[in-house]
Structures are given as C-alpha cells and as structure tokens.
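Raw contents of target.cif, mmCIF, C-alpha atoms:
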data_target
#
loop_
_atom_site.label_atom_id
_atom_site.label_comp_id
_atom_site.auth_asym_id
_atom_site.auth_seq_id
_atom_site.Cartn_x
_atom_site.Cartn_y
_atom_site.Cartn_z
CA MET A 974 230.35 145.91 104.72
CA ALA A 975 228.75 149.34 104.37
CA SER A 976 231.36 150.88 106.65
CA LEU A 977 234.14 149.16 104.71
CA CYS A 978 232.82 150.62 101.47
CA LEU A 979 232.75 154.08 103.08
CA MET A 980 236.36 153.67 104.20
CA VAL A 981 237.43 152.97 100.60
CA ARG A 982 235.19 155.65 99.07
CA TYR A 983 236.01 158.45 101.53
CA PRO A 984 239.53 157.86 102.87
CA GLN A 985 239.64 161.29 104.49
CA TRP A 986 236.74 160.23 106.76
CA GLU A 987 237.71 156.60 107.16
CA THR A 988 238.23 156.85 110.94
CA VAL A 989 234.49 157.09 111.54
CA PRO A 990 233.39 154.00 109.54
CA PHE A 991 236.48 152.17 110.84
CA HIS A 992 235.24 152.49 114.43
CA LEU A 993 231.65 151.82 113.37
CA ILE A 994 232.73 148.42 112.03
CA TRP A 995 233.97 147.34 115.45
CA ALA A 996 230.97 148.89 117.22
CA ALA A 997 228.58 147.01 114.90
CA LEU A 998 230.50 143.77 115.44
CA ALA A 999 230.25 144.17 119.22
CA LEU A 1000 226.54 144.98 118.93
CA PHE A 1001 225.76 141.90 116.81
CA TYR A 1002 227.75 139.70 119.12
CA GLY A 1003 225.82 141.05 122.11
CA PHE A 1004 222.49 139.87 120.65
CA ARG A 1005 223.63 136.29 120.30
CA PRO A 1006 227.15 135.11 121.28
CA TRP A 1007 228.81 133.03 118.59
CA ARG A 1008 230.93 129.94 118.94
CA THR A 1009 234.68 130.42 119.25
CA GLY A 1010 235.51 129.29 115.69
CA PRO A 1011 233.14 131.64 113.83
CA THR A 1012 234.13 134.48 116.17
CA LEU A 1013 237.83 134.08 115.33
CA ILE A 1014 237.11 133.90 111.61
CA VAL A 1015 234.94 137.04 111.60
CA VAL A 1016 237.36 139.06 113.75
CA LEU A 1017 240.33 138.07 111.59
CA ALA A 1018 238.37 138.92 108.44
CA VAL A 1019 237.47 142.35 109.86
CA MET A 1020 241.10 142.96 110.85
CA VAL A 1021 242.42 142.02 107.41
CA ALA A 1022 239.75 144.02 105.54
CA THR A 1023 240.15 147.18 107.63
CA ALA A 1024 243.97 146.91 107.63
CA ALA A 1025 243.89 146.57 103.83
CA ALA A 1026 241.66 149.62 103.45
CA LEU A 1027 243.84 151.65 105.84
CA GLY A 1028 247.03 150.35 104.18
CA VAL A 1029 245.88 151.59 100.80
CA ASP A 1030 245.34 155.05 102.26
CA VAL A 1031 248.77 155.01 103.95
CA ARG A 1032 250.43 153.97 100.70
CA LEU A 1033 248.73 156.85 98.93
CA GLY A 1034 250.10 159.27 101.51
CA GLY A 1035 247.05 159.46 103.76
CA ASP A 1036 247.22 159.97 107.51
CA SER A 1037 245.87 156.56 108.61
CA THR A 1038 248.91 155.26 110.50
CA ALA A 1039 247.31 155.81 113.91
CA ALA A 1040 244.12 154.06 112.83
CA LEU A 1041 246.18 151.20 111.43
CA ALA A 1042 247.82 150.79 114.85
CA GLU A 1043 244.37 150.76 116.48
CA ASP A 1044 243.26 147.75 114.46
CA PRO A 1045 244.90 145.07 116.62
CA LEU A 1046 244.09 147.03 119.78
CA LEU A 1047 240.37 147.06 118.92
CA ALA A 1048 240.56 143.33 118.16
CA ILE A 1049 242.08 142.76 121.62
CA ILE A 1050 239.34 144.86 123.24
CA PHE A 1051 236.69 142.93 121.31
CA PHE A 1052 238.13 139.58 122.40
CA ALA A 1053 238.24 140.81 126.01
CA MET A 1054 234.59 141.77 125.73
CA VAL A 1055 233.79 138.41 124.13
CA TRP A 1056 235.51 136.53 126.93
CA TYR A 1057 233.78 138.60 129.62
CA THR A 1058 230.34 138.35 128.01
CA THR A 1059 230.64 134.65 127.34
CA HIS A 1060 231.93 133.99 130.83
CA ARG A 1061 229.04 135.92 132.39
CA ARG A 1062 226.47 134.27 130.16
CA VAL A 1063 227.79 130.80 130.88
CA ALA A 1064 227.89 131.53 134.61
CA ALA A 1065 224.36 132.98 134.54
CA GLU A 1066 223.02 130.03 132.54
CA ARG A 1067 224.71 127.57 134.88
CA SER A 1068 223.25 129.40 137.89
CA ARG A 1069 219.81 129.48 136.28
CA ARG A 1070 219.88 125.75 135.56
CA ARG A 1071 221.06 125.03 139.08
CA ILE A 1072 218.30 127.16 140.64
CA THR A 1073 215.67 125.70 138.31
CA THR A 1074 216.74 122.16 139.11
CA LYS A 1075 216.76 122.93 142.82
CA ASN A 1076 213.30 124.53 142.69
CA GLU A 1077 211.91 121.59 140.72
CA GLN A 1078 213.40 119.22 143.26
CA LEU A 1079 211.95 121.24 146.14
CA LEU A 1080 208.50 121.23 144.52
CA ALA A 1081 208.72 117.50 143.88
CA ASP A 1082 209.84 116.89 147.47
CA GLN A 1083 207.03 119.07 148.79
CA ARG A 1084 204.45 117.26 146.67
CA ARG A 1085 205.80 113.87 147.73
CA PHE A 1086 205.83 114.93 151.38
CA LEU A 1087 202.21 116.10 151.23
CA GLN A 1088 201.13 112.87 149.59
CA ASP A 1089 203.09 110.66 152.00
CA ALA A 1090 201.96 112.62 155.06
CA ALA A 1091 198.32 112.52 153.99
CA HIS A 1092 198.47 108.78 153.27
CA GLN A 1093 200.25 108.06 156.55
CA LEU A 1094 197.65 110.08 158.50
CA LYS A 1095 194.72 108.40 156.81
CA THR A 1096 195.04 104.98 158.45
CA PRO A 1097 195.43 106.07 162.12
CA ILE A 1098 192.69 108.68 161.69
CA THR A 1099 190.31 106.05 160.29
CA ILE A 1100 191.14 103.63 163.13
CA ALA A 1101 190.73 106.30 165.82
CA LEU A 1102 187.48 107.48 164.25
CA GLY A 1103 186.12 103.92 164.23
CA HIS A 1104 186.91 103.42 167.91
CA ALA A 1105 185.41 106.80 168.83
CA GLU A 1106 182.19 105.95 166.99
CA LEU A 1107 182.04 102.59 168.78
CA LEU A 1108 182.43 104.33 172.14
CA SER A 1109 179.76 106.86 171.18
CA ALA A 1110 177.35 104.06 170.24
CA ALA A 1111 178.09 102.22 173.51
CA LEU A 1112 177.40 105.34 175.58
CA ALA A 1113 174.22 106.04 173.61
CA SER A 1114 172.87 102.62 174.60
CA ALA A 1115 173.70 103.17 178.28
CA SER A 1116 171.18 104.29 180.84
CA PRO A 1117 169.97 107.92 180.55
CA GLY A 1118 172.08 110.39 182.48
CA ILE A 1119 175.13 108.11 182.52
CA GLY A 1120 178.16 109.26 180.59
CA GLU A 1121 176.67 112.50 179.26
CA GLN A 1122 179.94 114.38 179.63
CA GLU A 1123 181.83 111.46 178.10
CA ALA A 1124 179.40 111.42 175.17
CA THR A 1125 179.99 115.14 174.60
CA ASP A 1126 183.74 114.67 174.70
CA ILE A 1127 183.58 111.78 172.24
CA ALA A 1128 181.39 113.84 169.91
CA VAL A 1129 184.09 116.52 169.92
CA ILE A 1130 186.73 113.89 169.20
CA ILE A 1131 184.70 112.48 166.31
CA GLY A 1132 184.25 115.97 164.87
CA GLU A 1133 187.97 116.71 165.06
CA LEU A 1134 188.90 113.35 163.54
CA ASN A 1135 186.49 113.96 160.66
CA GLN A 1136 188.15 117.34 160.21
CA LEU A 1137 191.58 115.69 160.06
CA ARG A 1138 190.30 113.14 157.56
CA ARG A 1139 189.02 115.88 155.26
CA ILE A 1140 192.33 117.72 155.55
CA SER A 1141 194.28 114.60 154.59
CA GLU A 1142 191.98 113.92 151.62
CA HIS A 1143 192.30 117.50 150.39
CA LEU A 1144 196.08 117.44 150.78
CA VAL A 1145 196.31 114.33 148.62
CA VAL A 1146 194.31 115.98 145.83
CA ILE A 1147 196.22 119.29 146.01
CA ALA A 1148 199.59 117.53 146.02
CA ALA A 1149 198.63 115.34 143.06
CA ALA A 1150 197.28 118.24 140.98
CA GLY A 1151 200.68 118.82 139.36
CA ASP A 1152 200.93 115.22 138.15
CA PRO A 1153 200.40 114.87 134.37
CA GLU A 1154 198.17 111.84 135.08
CA PHE A 1155 196.09 113.69 137.65
CA LEU A 1156 193.07 114.00 135.36
CA ASN A 1157 191.07 111.30 133.61
CA LEU A 1158 189.40 113.40 130.94
CA GLU A 1159 186.05 112.46 129.41
CA PRO A 1160 183.11 114.39 127.92
CA VAL A 1161 181.13 115.79 130.86
CA ALA A 1162 177.68 117.35 130.46
CA LEU A 1163 177.75 120.25 132.91
CA ASP A 1164 173.96 120.57 133.09
CA ARG A 1165 173.70 116.97 134.33
CA LEU A 1166 176.59 117.50 136.70
CA VAL A 1167 175.08 120.52 138.49
CA SER A 1168 171.60 118.99 138.70
CA GLY A 1169 173.13 115.87 140.25
CA LEU A 1170 174.99 118.03 142.78
CA ILE A 1171 171.78 119.76 143.84
CA THR A 1172 170.11 116.36 144.26
CA ARG A 1173 172.95 115.19 146.50
CA TRP A 1174 173.30 118.37 148.56
CA ARG A 1175 169.60 119.18 149.07
CA PRO A 1176 169.11 116.79 152.02
CA ALA A 1177 172.43 117.84 153.62
CA ALA A 1178 171.51 121.44 154.50
CA ASP A 1179 168.28 123.36 155.00
CA ARG A 1180 168.91 125.85 152.21
CA LEU A 1181 166.88 127.01 149.22
CA TRP A 1182 168.74 125.11 146.49
CA ARG A 1183 168.16 126.50 143.01
CA LEU A 1184 169.17 125.54 139.51
CA GLY A 1185 169.77 128.81 137.69
CA PRO A 1186 170.12 129.36 133.94
CA VAL A 1187 171.66 126.20 132.54
CA SER A 1188 173.19 125.89 129.08
CA ARG A 1189 173.69 122.48 127.56
CA VAL A 1190 177.49 122.42 127.49
CA ILE A 1191 179.83 119.46 127.25
CA VAL A 1192 183.49 119.89 128.22
CA PRO A 1193 186.46 117.53 128.49
CA ALA A 1194 186.90 117.12 132.24
CA ASP A 1195 187.56 114.68 135.04
CA ARG A 1196 184.06 114.14 136.44
CA GLU A 1197 185.28 112.96 139.84
CA ARG A 1198 187.80 115.78 140.36
CA LEU A 1199 185.43 118.46 139.08
CA SER A 1200 182.65 117.18 141.35
CA LEU A 1201 185.09 117.27 144.27
CA ALA A 1202 185.91 120.91 143.51
CA LEU A 1203 182.23 121.86 143.27
CA ASP A 1204 181.53 119.99 146.51
CA ALA A 1205 184.22 122.10 148.19
CA ILE A 1206 182.55 125.31 146.93
CA LEU A 1207 179.12 124.11 148.06
CA GLU A 1208 180.51 123.14 151.47
CA ASN A 1209 181.95 126.64 151.72
CA ALA A 1210 178.58 128.11 150.68
CA VAL A 1211 176.72 126.08 153.31
CA ARG A 1212 179.19 127.21 155.96
CA HIS A 1213 178.62 130.87 155.02
CA THR A 1214 174.81 130.68 154.88
CA ARG A 1215 171.94 130.07 157.29
CA ASP A 1216 168.73 128.08 157.06
CA GLY A 1217 166.57 129.41 154.24
CA ASP A 1218 169.37 131.19 152.37
CA VAL A 1219 169.67 130.63 148.63
CA ILE A 1220 172.41 128.60 146.96
CA GLU A 1221 172.20 128.59 143.17
CA LEU A 1222 174.16 126.74 140.49
CA SER A 1223 174.28 127.87 136.86
CA VAL A 1224 176.02 126.85 133.65
CA GLU A 1225 176.93 129.45 131.03
CA ASP A 1226 178.11 128.76 127.49
CA GLY A 1227 180.97 131.15 126.80
CA ASP A 1228 180.95 130.61 123.02
CA PRO A 1229 182.57 132.17 120.95
CA GLU A 1230 185.21 132.42 123.70
CA ARG A 1231 185.31 128.60 123.64
CA VAL A 1232 184.83 128.39 127.39
CA ALA A 1233 182.12 127.21 129.76
CA ARG A 1234 181.37 128.75 133.13
CA LEU A 1235 180.07 127.07 136.26
CA VAL A 1236 178.64 129.68 138.63
CA VAL A 1237 177.80 129.09 142.30
CA THR A 1238 176.07 131.96 144.10
CA ASP A 1239 174.73 132.25 147.63
CA THR A 1240 172.99 134.86 149.77
CA GLY A 1241 175.11 134.26 152.85
CA THR A 1242 177.40 136.38 154.96
CA GLY A 1243 179.85 137.03 152.12
CA ILE A 1244 183.60 137.47 152.36
CA ALA A 1245 185.39 140.51 153.73
CA GLY A 1246 187.21 142.58 151.13
CA ASP A 1247 190.55 142.08 152.91
CA ASP A 1248 190.13 138.29 152.67
CA LEU A 1249 189.15 138.12 148.98
CA PRO A 1250 192.73 138.07 147.56
CA TYR A 1251 193.61 135.12 149.81
CA VAL A 1252 190.54 132.87 149.69
CA PHE A 1253 192.29 130.33 147.45
CA ASP A 1254 195.43 130.14 149.61
CA ARG A 1255 196.05 127.00 151.63
CA PHE A 1256 194.94 126.97 155.27
CA ARG A 1257 193.31 130.36 154.85
CA SER A 1258 189.81 130.88 156.29
CA GLY A 1259 187.76 134.03 156.59
CA ARG A 1260 188.05 135.79 159.92
CA ALA A 1261 184.28 136.28 160.27
CA VAL A 1262 183.25 132.66 159.75
CA PRO A 1263 181.90 131.07 162.93
CA ALA A 1264 182.02 127.50 161.62
CA ARG A 1265 185.57 126.30 161.19
CA GLY A 1266 186.60 124.76 157.86
CA THR A 1267 189.73 122.92 156.82
CA GLY A 1268 191.26 125.94 155.11
CA LEU A 1269 191.97 123.72 152.10
CA GLY A 1270 188.63 123.52 150.31
CA LEU A 1271 189.06 126.54 148.06
CA ALA A 1272 192.76 125.75 147.54
CA LEU A 1273 191.60 122.38 146.25
CA VAL A 1274 189.14 124.12 143.90
CA ASP A 1275 191.92 126.29 142.50
CA ALA A 1276 194.24 123.28 142.02
CA VAL A 1277 191.60 121.20 140.22
CA VAL A 1278 190.44 124.04 137.93
CA ARG A 1279 194.03 124.96 137.02
CA ALA A 1280 194.74 121.31 136.21
CA HIS A 1281 191.85 121.51 133.72
CA GLY A 1282 193.44 124.59 132.14
CA GLY A 1283 190.78 126.89 133.57
CA THR A 1284 190.46 129.66 136.14
CA VAL A 1285 188.35 130.32 139.22
CA ALA A 1286 187.26 133.75 140.43
CA VAL A 1287 185.15 135.05 143.28
CA ARG A 1288 183.02 138.14 143.80
CA SER A 1289 181.60 138.85 147.22
CA GLU A 1290 180.06 141.56 149.33
CA PRO A 1291 179.75 141.22 153.10
CA GLY A 1292 176.13 140.62 154.06
CA ARG A 1293 174.99 140.01 150.46
CA GLY A 1294 176.63 136.71 149.56
CA SER A 1295 179.29 135.40 147.21
CA GLU A 1296 179.63 134.27 143.60
CA PHE A 1297 182.24 131.73 142.50
CA THR A 1298 182.86 131.31 138.77
CA LEU A 1299 184.74 128.33 137.38
CA THR A 1300 185.83 128.91 133.78
CA LEU A 1301 186.74 125.76 131.84
CA PRO A 1302 187.99 125.33 128.26
CA SER A 1303 185.26 124.20 125.88
CA PRO A 1304 187.03 123.20 122.63
CA GLY A 1305 183.88 122.57 120.61
CA ARG A 1306 181.19 120.00 120.03
CA LEU A 1307 181.77 116.76 121.94
CA ALA A 1308 179.72 113.59 121.94
CA LEU A 1309 177.13 113.59 124.71
CA PRO A 1310 177.91 110.83 127.22
CA ALA A 1311 175.17 108.50 128.34
CA ALA A 1312 173.39 109.78 131.43
CA PRO A 1313 174.24 107.82 134.59
CA PRO A 1314 171.19 106.23 136.25
CA GLY A 1315 169.14 108.78 138.12
CA GLU A 1316 171.13 111.75 136.82
CA GLY A 1317 168.63 113.52 134.63
CA VAL A 1318 168.47 117.25 134.14
CA MET A 1319 166.28 118.90 136.74
CA ALA A 1320 164.08 121.84 135.86
CA VAL A 1321 164.43 125.04 137.85
CA GLY A 1322 160.95 124.80 139.23
CA ASP A 1323 161.52 121.20 140.35
CA ALA A 1324 164.70 122.18 142.21
CA GLU A 1325 162.95 125.00 144.06
CA ALA A 1326 159.88 122.93 144.82
CA ALA A 1327 161.96 120.07 146.19
CA SER A 1328 164.08 122.34 148.39
CA PRO A 1329 163.30 122.18 152.09
CA GLY A 1330 161.86 125.34 153.63
#
Could you write out this file's structure as structure tokens?
Amino acid sequence: MASLCLMVRYPQWETVPFHLIWAALALFYGFRPWRTGPTLIVVLAVMVATAAALGVDVRLGGDSTAALAEDPLLAIIFFAMVWYTTHRRVAAERSRRRITTKNEQLLADQRRFLQDAAHQLKTPITIALGHAELLSAALASASPGIGEQEATDIAVIIGELNQLRRISEHLVVIAAAGDPEFLNLEPVALDRLVSGLITRWRPAADRLWRLGPVSRVIVPADRERLSLALDAILENAVRHTRDGDVIELSVEDGDPERVARLVVTDTGTGIAGDDLPYVFDRFRSGRAVPARGTGLGLALVDAVVRAHGGTVAVRSEPGRGSEFTLTLPSPGRLALPAAPPGEGVMAVGDAEAASPG
C-alpha cells in the first residue's frame, strides 16, 4: 500500500515502488505460504492496482508503457515462484512426516524387540540357573575331593547365568522407560529412601557406608524404579571400590531451583577421563574395571531419571573416586507418606557405627 501511494504521488519514480510491491509480496509469501484462493485474489488485486496507477501515468503522457507491460510478466514470475516454493514445501513436509513416522516405528520396534527378547530369555535362564544350583548343591554334599573341578565349572555357569538374568531385567526396564505408564508416581521421602538403601546394602559389601548431609525432601517419584536406579549406582560403586572404601549417600534440597539432588560418592578407583562421556551408554564398561558388569546399569539409571524428568551427571578422578548426582524435579510441598515398617531415618553416626570394618 505504501509503494502504491508512492507510485501515485511520484509518477516519475514509479518504477521503483512498482518493483518493490512485487518484491514485498514475494517476501511475505516466503514467510508463510498462503492457500491458492487468497493468493490468486491478492495477486489479481496487485495487478489491477499497479496497472491502474501505471495507466493513469500513461494517459497523462508519462513513460510507463514498459512498466505496464512488466505487470503480467511479474505476476507470471510470482506464480512460478509460488508453485516452486509450495511444491518444495509440500515435498519437504511429506518427506519429514515419512521419516518421522519411520523413526517412530523403528523406535517402537526396537523397544518391543528388547522387551520380547528379555522376557523370552528370562524363563530359560531361570530354569538353567535352578538346575545349575541343584547340581552345585549335589556336588557340595558329595565326598570331599570328588567333583571339585565340576563344582568350579558349575560356579562359573551360575555366575554367568546370574549375569544374563541381570541383563534381561535391565533391558526390560530400559525398553519400558519410554512408555507413558512406565512410572507409578507417589510422594517419596528421599531421606527415608537413602537410609533404607544403606540398611540393605551394608551387609552386601565390606565398605564404609555413610549417610551424608540429608535434607528432608519429598518428590513425586516411582519408589520402585528410583530404588532400582540407585541400586545400579551402588552396584557400580561397589564394583569400583575395595574393602574399607567409603560409599556415601546424600540428599540436597535444590530450592529455589525446585529440584532435589541425590548424590552418591565413593573413594574407589574412579573413571578414566576418556570413559566419562560414555558411562551412561548401553553395554559400555570402563576399561580399567577388573570386575565385569552388565554394561547396562548406568544406562538404566539414565533411563529412569529421564523418565522422571530429571538428569544424572557424574564427576570422577582416577584413583580418587566418583560422584553421581541425580537431579529430580521437586514441585513444592507434598504430603509426607507414612514410613514403611523398619524404614526410619538413620543418623549419620549410626550408619558409620553399623558399617563393617
């Protein structure tokens, strides 16, 4: 409209605003393509308006004949551009939808495969493990010196079958993490949760188990899934430490950031700097770890924490230990759930005094 007014006001310079009209029209169309009907109406309106302005100048003896001839040519060029742009946009959108649908299908197929494979492995592994344990018990009751090599072999078999069972269980959890119904959220008191974990893990490994600074924080979480993730971190900490090393659990209130942090630190061997970016990848284990893990424990931690809308990070220095921090959303004050039997909050001194060694 401004260019049209300039054409009428300054007919001797009308060529410049005349071309600006079409340039502006092309620019506006490029931001958001219009439907065919509105496009035709606008282009026809521009053609009529500019032709009228140029026609007035021609009638008054002005030199606008060439510009008047350009009017339909510019309309043709604009329609060619419209067709090309629309065609490319439609093709790109169709390709994007096709790729998105294919990727979603691939992810769904991968998740379904992991779940099916893990479930199918679970039954034969359980059966084989039961038979191996029966054979081990039978050999243990035999006369001394008989079947020692067989007993060793069966112990190896039992260890490998237990490893396979843990892998299948972790695969099921990781594959299900993308399911909207993966979590059963409830108010979880993190101080009770970590004290209960120390109580459970203390007899399992000869470490100095400590309860660090603990804030009384309640978050919406799936208690079972979150405990499974913390168990995976503690299993990793035990594997990277020796008898007498320290493993400490802490809870930090991140208010006013509206987050809570679960921190697990140890004084073990640590993680090499080259391995740090990959510790949460599936089937990835540190190169310097003598005890073999499943390679899925920390991947499970990452899947569970992400499902809660949180993040997990690690800091480590070889020879000085590691620190894992789970950051969970803490939307505000929640009602404190009733404490399960035997799950009271343990004082720091009690945790250290009760630790073996």
**OP:** Tell me which protein, DNA and RNA residues are within 7 Å of segment 1209-1221 of chain A, counting all atoms listed in the file, leaving out same-chain ones fewer than 4 positions away, and put them as JSON, numbers by chain.
**Re:** {"A": [1179, 1180, 1181, 1182, 1183, 1184, 1185, 1205, 1237, 1238, 1239, 1240, 1241, 1242, 1243, 1262, 1264, 1330]}
**OP:** Work out how far atom CA of His1060 of chain A is from atom CA of Lys1075 of chain A, in Å to one decimal.
**Re:**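 Separating atom CA of Lys1075 of chain A from atom CA of His1060 of chain A is a distance of 22.3 Å.
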Original post:
Within 10 Å of (178.4, 131.3, 135.5), only C-alpha atoms: residues as a list in words?
Top reply: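 Here is the list of nearby residues: Gly1185, Pro1186, Val1187, Ser1188, Leu1222, Ser1223, Val1224, Glu1225, Asp1226, Gly1227, Ala1233, Arg1234, Leu1235, Val1236, Val1237, Thr1238, Glu1296, Phe1297, Thr1298, Leu1299 and Thr1300 of chain A.
Our summary of the geometry notes that atom CA of Thr1096 of chain A is positioned 14.3 Å from atom CA of Gln1136 of chain A.
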Subject >> Residues matched by the PyMOL selection byres ((chain A and resi 974-980) around 10) as a PyMOL selection string >> reply: chain A and resi 981-995+997+1019+1022-1023+1026-1027+1030
Original post:
Which residue gives the smallest distance to Ser1168 of chain A among A:Arg1189, A:Phe1004, A:Lys1095, A:Gly1103, with all atoms listed in the file counted?
Top reply: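 Using all atoms listed in the file, the shortest distance to Ser1168 of chain A belongs to A:Arg1189.
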Original post:
To one decimal place, how far is atom CA of Ser1141 of chain A from atom CA of Thr1074 of chain A in Å?
Top reply: 28.3 Å
Subject >> Contact residues around Val1161 of chain A with all atoms listed in the file at 7 Å, ignoring same-chain residues under 6 positions, as a ChimeraX atom specification >> reply: /A:1191-1194,1196,1310
**OP:** Find, counting all atoms listed in the file, the residue in A:Phe1155, A:Ile1014, A:Ile1049, A:Ile1127 that gets nearest to Ala1113 of chain A.
**Re:**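 Nearest to Ala1113 of chain A: A:Ile1127.
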**OP:** Dig up all the protein and nucleic acid residues within 12 Å of (236.9, 141.8, 124.4) in the file frame, using all atoms listed in the file, and format them as a PyMOL selection string.
**Re:** chain A and resi 995-996+998-999+1002-1003+1012-1013+1016+1045-1060
Subject >> segment 1085-1094 of chain A environment, 9 Å, only C-alpha atoms, sequence neighbours closer than 3 positions dropped, as a PyMOL selection string >> reply: chain A and resi 1080-1082+1097-1099+1137-1138+1140-1149
Go ahead and write the selection's residues with C-alpha atoms as a PDB file, in the coordinates of the input.
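Generated output (part_0.pdb):
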ATOM      1  CA  LEU A1080     208.500 121.230 144.520  1.00  0.00           C
ATOM      2  CA  ALA A1081     208.720 117.500 143.880  1.00  0.00           C
ATOM      3  CA  ASP A1082     209.840 116.890 147.470  1.00  0.00           C
ATOM      4  CA  PRO A1097     195.430 106.070 162.120  1.00  0.00           C
ATOM      5  CA  ILE A1098     192.690 108.680 161.690  1.00  0.00           C
ATOM      6  CA  THR A1099     190.310 106.050 160.290  1.00  0.00           C
ATOM      7  CA  LEU A1137     191.580 115.690 160.060  1.00  0.00           C
ATOM      8  CA  ARG A1138     190.300 113.140 157.560  1.00  0.00           C
ATOM      9  CA  ILE A1140     192.330 117.720 155.550  1.00  0.00           C
ATOM     10  CA  SER A1141     194.280 114.600 154.590  1.00  0.00           C
ATOM     11  CA  GLU A1142     191.980 113.920 151.620  1.00  0.00           C
ATOM     12  CA  HIS A1143     192.300 117.500 150.390  1.00  0.00           C
ATOM     13  CA  LEU A1144     196.080 117.440 150.780  1.00  0.00           C
ATOM     14  CA  VAL A1145     196.310 114.330 148.620  1.00  0.00           C
ATOM     15  CA  VAL A1146     194.310 115.980 145.830  1.00  0.00           C
ATOM     16  CA  ILE A1147     196.220 119.290 146.010  1.00  0.00           C
ATOM     17  CA  ALA A1148     199.590 117.530 146.020  1.00  0.00           C
ATOM     18  CA  ALA A1149     198.630 115.340 143.060  1.00  0.00           C
TER      19      ALA A1149
END
Please return the centre and edge lengths, in Å to one decimal, of a box with edges along x, y and z that contains all listed atoms of segment 1087-1097 of chain A, widened by 8 Å on every side, as AutoDock Vina command-line options.
--center_x 198.9 --center_y 110.5 --center_z 155.9 --size_x 24.4 --size_y 27.1 --size_z 28.5
Original post:
Which residue gives the smallest distance to Arg1173 of chain A among A:Ala1276, A:Val1190, A:Leu1203, A:Ala1150, with all atoms listed in the file counted?
Top reply: A:Leu1203
